[in-house]
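**Q** Starting off with a structure, shown below.
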Number of protein chains: 2
Amino acid sequence: MFEQTYDRLRESVERALKDLCQACPSPQPLRDAMAYSLLAGGKRIRPVMLLSACEAFGGSIQEAMPFACALEMIHSYSLIHDDMPEMDDDSLRRGKPTNHTVFGQGMALLAGDGLLSWAFETMLAQAQGSQQRWEAMRTLARAAGVTGMVSGQCRDLAQRPQDGEAELYRLCAEKTGGLLAGAASAGAALAGADAAEQERMWRYGIALGVSFQIQDDLLDILGDPALLGKQTGMDKARGKMTYPALLGIDRARQVMEEQTRLALELLGERAPFLSELTRRLLQRDH
Amino acid sequence: MFEQTYDRLRESVERALKDLCQACPSPQPLRDAMAYSLLAGGKRIRPVMLLSACEAFGGSIQEAMPFACALEMIHSYSLIHDDMPEMDDDSLRRGKPTNHTVFGQGMALLAGDGLLSWAFETMLAQAQGSQQRWEAMRTLARAAGVTGMVSGQCRDLAQRPQDGEAELYRLCAEKTGGLLAGAASAGAALAGADAAEQERMWRYGIALGVSFQIQDDLLDILGDPALLGKQTGMDKARGKMTYPALLGIDRARQVMEEQTRLALELLGERAPFLSELTRRLLQRDH
């Protein structure tokens with residue numbers, strides 16, 4: 001049941017993204033570079049969450065789809081820029097050469113800029129606005145922006161050894177939580193949920209994001225490289241500040257469990273699919 | 001009279017940008033890096049155009065100001081990314097060290113990403129949307145995006161020697177015309193102008209952009225480095241395709257004059273300030 005719903009939502013996102021790429025009127029190298037990363041697969045967690053949050057509040061998938069695709073474009077742009085030599089300097093992502101490795105750094109920079117712009121163009125594709133669309137776009141802009149994901153990236157880049165747990169929490173809440181909070185809250189907004197409900201869904205996404213990030217950091221220490229499809233031990237090699245590095249594995253696991261409990265509590269009975277997704281995301285081994 | 005209006009509009013933009021930077025809740029290195037470029041002065045042509053187009057169609061400066069500031073943020077992000085080593089690799093802009101020279105390439109990348117996101121956050125700052133705001137934001141997203149400025153940047157980066165005049169026109173229309181078209185058309189949209197009027201203002205901005213770019217390229221050949229505040233002859237040194245390089249100086253000047261005439265014709269009697277601005281921009285010697 002859960003798997004079927006997940007697959008249905010993921011496949012509908014996959015199709016919509018493919019259609020958008022095929023119809024993209026950009027000059028060829030830009031279109032190719034954007035499509036290369038946008039259609040590189042992955043679990044599509046964020047757009048699936050957005051669609052299912054919209055359904056949980058009684059909204060329609062069709063209305064939410066441009067926003068789900070926009071959110072995946074934003075996620076995809078952040079990965080392209082994050083992989084570049086001036087940031088994490090990665091040459092592989094999900095087993096494929098990273099964008100700048102294939103298209104060159106200049107085009108990768110533009111592909112990221114293009115995907116972020118295209119995200120807003122996609123949300124604004126309809127000639128008629130509505131208060132729900134306005135609020136959903138507002139939420140996604142905040143999630144991606146200078147107090148959300150970009151702020152988290154900045155904290156990550158500017159880490160100092162003396163940073164404590166409060167700064168680490170902000171880093172994870174913004175960098176990983178930002179887009180998840182945006183997904184849950186924008187989905188609710190599109191369905192006409194009120195401000196308090198949207199805020200609750202936002203806080204759910206933040207708690208989930210912090211858990212998710214700690215899980216990621218634990219897998220980097222304890223995970224199986226074959227299952228993960230990537231080298232482990234990278235955070236330590238890069239000297240990255242993480243929950244396990246700062247607090248030890250046991251305490252990190254404890255914070256993760258607290259945040260998961262908080263996330264599930266905030267969801268309540270409203271969205272059984274999201275509750276199950278939350279539980280599964282935090283039991284994953286890859 | 002013209003100068004007074006220009007100064008009044010420019011100063012109001014300058015004040016609004018300063019207020020936004022002071023209230024910016026981002027972590028310090030990101031806030032500093034964004035403010036460094038956003039408050040680096042310049043003529044503020046695009047936001048002044050947006051405000052004055054809004055006034056010409058009977059709208060209010062106050063309503064248009066967040067959009068004018070957002071447009072300048074978009075312009076500013078494009079300059080930061082354009083100056084980076086993977087693009088034009090410039091170490092000076094308007095006589096000051098470029099963003100990545102001061103803050104490092106990683107932070108400059110994020111400052112650009114941040115300014116583009118912040119632009120949309122600024123347009124979406126009001127909790128209530130309206131059809132005018134929706135249309136203005138739609139226009140600015142198109143102007144900045146994957147068929148607008150980013151597309152033009154891609155054409156610039158991917159230039160080939162066999163490209164002809166049609167490709168060069170598209171490059172200039174998108175790269176330089178995009179944001180000018182966005183300024184004129186979004187200003188009109190905010191004042192409630194109809195679709196035909198918005199389209200006319202869009203085409204005005206494109207024609208102005210092409211003229212403006214040719215003027216820039218002519219100054220790079222014929223201008224006075226002391227007046228311009230930068231080295232000339234850079235396009236030739238970089239092997240850049242320009243109107244003067246492709247068609248010769250006389251024919252380039254002719255195209256510039258044709259496009260200026262077209263721009264003025266599209267404006268008509270509607271916006272005397274913009275007509276005067278257009279004439280002056282294309283008689284500049286720096």
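Naming works like this for the structure tokens: A, B, ... for the chains as they're shown, residue 1 at the start of each chain, ligands 1 onward in shown order.
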Near chain B, meaning an atom within 9 Å, which residues of chain A appear when counting only C-alpha atoms? Write them as a PyMOL selection string.

**A** chain A and resi 24-27+29-31+81+84-87+104-107+109-118+120-121+123-125+127-131+133-135+137-139+141-142+144-148+150-155+157-158

**Q** So that I can see what lies close to region 253-261 of chain A, please list as a JSON list (two decimals) with N, CA, C and O atoms, in the first residue's frame the residues with an atom at most 9 Å from it, counting only C-alpha atoms and leaving out residues fewer than 2 positions away in the same chain.

**A**
[["chain", "number", "residue", "atom", "x", "y", "z"],
["A", 206, "ILE", "N", 11.15, 20.63, 9.35],
["A", 206, "ILE", "CA", 12.42, 20.98, 10.00],
["A", 206, "ILE", "C", 12.90, 19.82, 10.88],
["A", 206, "ILE", "O", 14.06, 19.39, 10.82],
["A", 207, "ALA", "N", 11.98, 19.28, 11.70],
["A", 207, "ALA", "CA", 12.35, 18.17, 12.59],
["A", 207, "ALA", "C", 12.80, 16.96, 11.76],
["A", 207, "ALA", "O", 13.82, 16.32, 12.06],
["A", 208, "LEU", "N", 12.04, 16.66, 10.71],
["A", 208, "LEU", "CA", 12.42, 15.57, 9.82],
["A", 208, "LEU", "C", 13.81, 15.82, 9.22],
["A", 208, "LEU", "O", 14.64, 14.91, 9.13],
["A", 209, "GLY", "N", 14.07, 17.06, 8.82],
["A", 209, "GLY", "CA", 15.35, 17.40, 8.20],
["A", 209, "GLY", "C", 16.53, 17.18, 9.13],
["A", 209, "GLY", "O", 17.56, 16.64, 8.73],
["A", 210, "VAL", "N", 16.36, 17.58, 10.39],
["A", 210, "VAL", "CA", 17.44, 17.39, 11.36],
["A", 210, "VAL", "C", 17.69, 15.89, 11.58],
["A", 210, "VAL", "O", 18.84, 15.43, 11.54],
["A", 211, "SER", "N", 16.62, 15.11, 11.77],
["A", 211, "SER", "CA", 16.75, 13.65, 11.90],
["A", 211, "SER", "C", 17.47, 13.06, 10.70],
["A", 211, "SER", "O", 18.37, 12.24, 10.82],
["A", 212, "PHE", "N", 16.99, 13.46, 9.54],
["A", 212, "PHE", "CA", 17.49, 12.94, 8.27],
["A", 212, "PHE", "C", 18.99, 13.21, 8.14],
["A", 212, "PHE", "O", 19.77, 12.35, 7.71],
["A", 213, "GLN", "N", 19.40, 14.41, 8.53],
["A", 213, "GLN", "CA", 20.81, 14.78, 8.42],
["A", 213, "GLN", "C", 21.66, 13.97, 9.39],
["A", 213, "GLN", "O", 22.75, 13.50, 9.04],
["A", 214, "ILE", "N", 21.16, 13.76, 10.61],
["A", 214, "ILE", "CA", 21.93, 12.97, 11.58],
["A", 214, "ILE", "C", 22.06, 11.53, 11.07],
["A", 214, "ILE", "O", 23.14, 10.93, 11.13],
["A", 215, "GLN", "N", 20.95, 10.99, 10.54],
["A", 215, "GLN", "CA", 20.97, 9.65, 9.95],
["A", 215, "GLN", "C", 22.05, 9.57, 8.86],
["A", 215, "GLN", "O", 22.82, 8.61, 8.79],
["A", 218, "LEU", "N", 25.41, 9.48, 10.43],
["A", 218, "LEU", "CA", 25.67, 8.17, 11.04],
["A", 218, "LEU", "C", 26.02, 7.15, 9.97],
["A", 218, "LEU", "O", 26.94, 6.34, 10.14],
["A", 243, "TYR", "N", 26.70, 15.90, 14.02],
["A", 243, "TYR", "CA", 26.22, 15.47, 15.34],
["A", 243, "TYR", "C", 27.08, 14.35, 15.92],
["A", 243, "TYR", "O", 27.52, 14.44, 17.07],
["A", 244, "PRO", "N", 27.35, 13.26, 15.16],
["A", 244, "PRO", "CA", 28.19, 12.21, 15.76],
["A", 244, "PRO", "C", 29.60, 12.71, 16.11],
["A", 244, "PRO", "O", 30.15, 12.32, 17.14],
["A", 248, "GLY", "N", 29.17, 12.42, 19.78],
["A", 248, "GLY", "CA", 29.32, 10.96, 19.86],
["A", 248, "GLY", "C", 28.13, 10.26, 19.23],
["A", 248, "GLY", "O", 27.05, 10.85, 19.07],
["A", 249, "ILE", "N", 28.34, 8.98, 18.90],
["A", 249, "ILE", "CA", 27.31, 8.24, 18.15],
["A", 249, "ILE", "C", 26.04, 8.03, 18.98],
["A", 249, "ILE", "O", 24.93, 8.21, 18.47],
["A", 250, "ASP", "N", 26.18, 7.69, 20.24],
["A", 250, "ASP", "CA", 24.98, 7.40, 21.05],
["A", 250, "ASP", "C", 24.10, 8.63, 21.22],
["A", 250, "ASP", "O", 22.89, 8.57, 21.02],
["A", 251, "ARG", "N", 24.72, 9.75, 21.57],
["A", 251, "ARG", "CA", 23.94, 10.97, 21.79],
["A", 251, "ARG", "C", 23.34, 11.46, 20.45],
["A", 251, "ARG", "O", 22.20, 11.94, 20.41],
["A", 263, "ALA", "N", 8.68, 15.08, 14.92],
["A", 263, "ALA", "CA", 8.12, 15.15, 13.55],
["A", 263, "ALA", "C", 6.80, 14.40, 13.49],
["A", 263, "ALA", "O", 5.80, 14.92, 12.97],
["A", 264, "LEU", "N", 6.77, 13.20, 14.05],
["A", 264, "LEU", "CA", 5.55, 12.38, 13.99],
["A", 264, "LEU", "C", 4.43, 13.01, 14.80],
["A", 264, "LEU", "O", 3.26, 12.98, 14.39],
["A", 265, "GLU", "N", 4.79, 13.60, 15.92],
["A", 265, "GLU", "CA", 3.81, 14.28, 16.77],
["A", 265, "GLU", "C", 3.18, 15.46, 16.03],
["A", 265, "GLU", "O", 1.98, 15.68, 16.08],
["A", 266, "LEU", "N", 4.01, 16.22, 15.33],
["A", 266, "LEU", "CA", 3.52, 17.40, 14.60],
["A", 266, "LEU", "C", 2.58, 16.97, 13.47],
["A", 266, "LEU", "O", 1.61, 17.66, 13.16],
["A", 278, "THR", "N", 8.05, 9.11, 6.99],
["A", 278, "THR", "CA", 8.96, 9.62, 8.02],
["A", 278, "THR", "C", 9.64, 8.46, 8.75],
["A", 278, "THR", "O", 10.86, 8.46, 8.91],
["A", 279, "ARG", "N", 8.84, 7.47, 9.17],
["A", 279, "ARG", "CA", 9.41, 6.31, 9.85],
["A", 279, "ARG", "C", 10.41, 5.58, 8.96],
["A", 279, "ARG", "O", 11.50, 5.23, 9.39],
["A", 282, "LEU", "N", 13.84, 7.17, 8.28],
["A", 282, "LEU", "CA", 14.76, 7.20, 9.41],
["A", 282, "LEU", "C", 15.16, 5.81, 9.85],
["A", 282, "LEU", "O", 15.85, 5.62, 10.83]]

**Q** Can you tell me, as a PyMOL selection string, what residues are no more than 9 Å from region 5-21 of chain B when counting only C-alpha atoms, ignoring any on the same chain fewer than 2 positions away?

**A** chain B and resi 1-3+23-25+31-32+34-35+38-39+41+43-45+47-48+51-52+61+65-66+68-69+72-73+122+273+277

**Q** Need to verify the contact set: Glu197 (chain B), 10 Å, only C-alpha atoms, exclusion of same-chain residues closer than 4 positions in sequence. Can you return it as a PyMOL selection string?

**A** chain B and resi 57+185+188-189+192-193+201-203+266-267

**Q** Could you tell me how far CA of Ala184 (chain B) lies from CA of Leu222 (chain B), in Å and to one decimal?

**A**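 Going from CA of Ala184 (chain B) over to CA of Leu222 (chain B) covers 29.4 Å.
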
**Q** When DSSP is applied to the backbone of this structure, which of region 12-236 of chain A are assigned strand (DSSP E or B)? Write them out as a PDB file with N, CA, C and O atoms, in the first residue's frame.

**A**
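The result, stored in selection-v2.pdb:
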ATOM      1  N   LEU A  92      31.642  12.568  -8.561  1.00  0.00           N
ATOM      2  CA  LEU A  92      30.570  11.586  -8.788  1.00  0.00           C
ATOM      3  C   LEU A  92      29.376  11.908  -7.907  1.00  0.00           C
ATOM      4  O   LEU A  92      29.520  12.321  -6.764  1.00  0.00           O
ATOM      5  N   ARG A  93      28.167  11.693  -8.458  1.00  0.00           N
ATOM      6  CA  ARG A  93      26.927  11.780  -7.681  1.00  0.00           C
ATOM      7  C   ARG A  93      26.019  10.667  -8.162  1.00  0.00           C
ATOM      8  O   ARG A  93      25.744  10.557  -9.345  1.00  0.00           O
ATOM      9  N   LYS A  96      27.184   8.709 -11.111  1.00  0.00           N
ATOM     10  CA  LYS A  96      27.383   9.361 -12.414  1.00  0.00           C
ATOM     11  C   LYS A  96      28.310  10.564 -12.247  1.00  0.00           C
ATOM     12  O   LYS A  96      28.337  11.196 -11.190  1.00  0.00           O
ATOM     13  N   PRO A  97      29.070  10.904 -13.304  1.00  0.00           N
ATOM     14  CA  PRO A  97      29.923  12.098 -13.210  1.00  0.00           C
ATOM     15  C   PRO A  97      29.070  13.333 -12.892  1.00  0.00           C
ATOM     16  O   PRO A  97      27.953  13.455 -13.397  1.00  0.00           O
TER      17      PRO A  97
END

**Q** Find the residue from A:Ala252, A:Cys172, A:Ala33, A:Ala64 that sits nearest to Val102 (chain A); use only C-alpha atoms when measuring.

**A**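 The answer is A:Ala33, which sits nearest to Val102 (chain A).
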
**Q** Can you list, as a PyMOL selection string, all residues belonging to region 84-147 of chain B that DSSP tags as helix (DSSP H, G or I)?

**A** chain B and resi 99-103+105-123+131-144

**Q** Would you work out the distance separating CA of Gly59 (chain B) from CA of Leu274 (chain B), expressed in Å to one decimal?

**A**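 Straight-line distance from CA of Gly59 (chain B) to CA of Leu274 (chain B) works out to 15.1 Å.
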
**Q** May I ask which of the residues A:Leu168, A:Ala191, A:Ala186, A:Leu180 is the closest one to Ala245 (chain A), counting only C-alpha atoms?

**A** A:Leu168

**Q** Identify which of the residues B:Ser37, B:Tyr204, B:Cys54, B:Leu228 lies closest to Asp83 (chain B), counting only C-alpha atoms when measuring atom-to-atom distances.

**A**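 Checking each candidate against Asp83 (chain B), we get B:Ser37 as the closest.
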
**Q** Do a neighbour search on Ala226 (chain B) at 12 Å with only C-alpha atoms, toss out local chain neighbours closer than 3 positions, and write the hits as a PDB file with N, CA and C atoms, in the first residue's frame.

**A**
ATOM      1  N   GLY B  95      35.884  49.422 -10.335  1.00  0.00           N
ATOM      2  CA  GLY B  95      37.046  49.844  -9.562  1.00  0.00           C
ATOM      3  C   GLY B  95      37.216  49.158  -8.210  1.00  0.00           C
ATOM      4  N   LEU B 219      32.063  51.094 -27.292  1.00  0.00           N
ATOM      5  CA  LEU B 219      32.900  51.782 -26.295  1.00  0.00           C
ATOM      6  C   LEU B 219      34.145  50.958 -25.971  1.00  0.00           C
ATOM      7  N   GLY B 223      36.143  53.736 -26.887  1.00  0.00           N
ATOM      8  CA  GLY B 223      35.973  54.560 -25.686  1.00  0.00           C
ATOM      9  C   GLY B 223      37.289  54.927 -25.017  1.00  0.00           C
ATOM     10  N   GLY B 229      36.512  53.868 -16.758  1.00  0.00           N
ATOM     11  CA  GLY B 229      36.939  53.244 -15.503  1.00  0.00           C
ATOM     12  C   GLY B 229      37.316  51.788 -15.671  1.00  0.00           C
ATOM     13  N   LYS B 230      37.584  51.368 -16.915  1.00  0.00           N
ATOM     14  CA  LYS B 230      38.040  49.993 -17.133  1.00  0.00           C
ATOM     15  C   LYS B 230      38.861  49.914 -18.413  1.00  0.00           C
ATOM     16  N   GLN B 231      39.647  48.877 -18.520  1.00  0.00           N
ATOM     17  CA  GLN B 231      40.442  48.631 -19.731  1.00  0.00           C
ATOM     18  C   GLN B 231      39.535  48.491 -20.949  1.00  0.00           C
ATOM     19  N   THR B 232      39.967  49.007 -22.092  1.00  0.00           N
ATOM     20  CA  THR B 232      39.225  48.739 -23.337  1.00  0.00           C
ATOM     21  C   THR B 232      39.943  47.635 -24.116  1.00  0.00           C
ATOM     22  N   ASP B 285      29.129  58.235 -23.114  1.00  0.00           N
ATOM     23  CA  ASP B 285      30.509  57.932 -23.483  1.00  0.00           C
ATOM     24  C   ASP B 285      31.188  57.109 -22.387  1.00  0.00           C
ATOM     25  N   HIS B 286      30.402  56.642 -21.413  1.00  0.00           N
ATOM     26  CA  HIS B 286      30.951  55.736 -20.396  1.00  0.00           C
ATOM     27  C   HIS B 286      29.833  54.940 -19.753  1.00  0.00           C
TER      28      HIS B 286
END
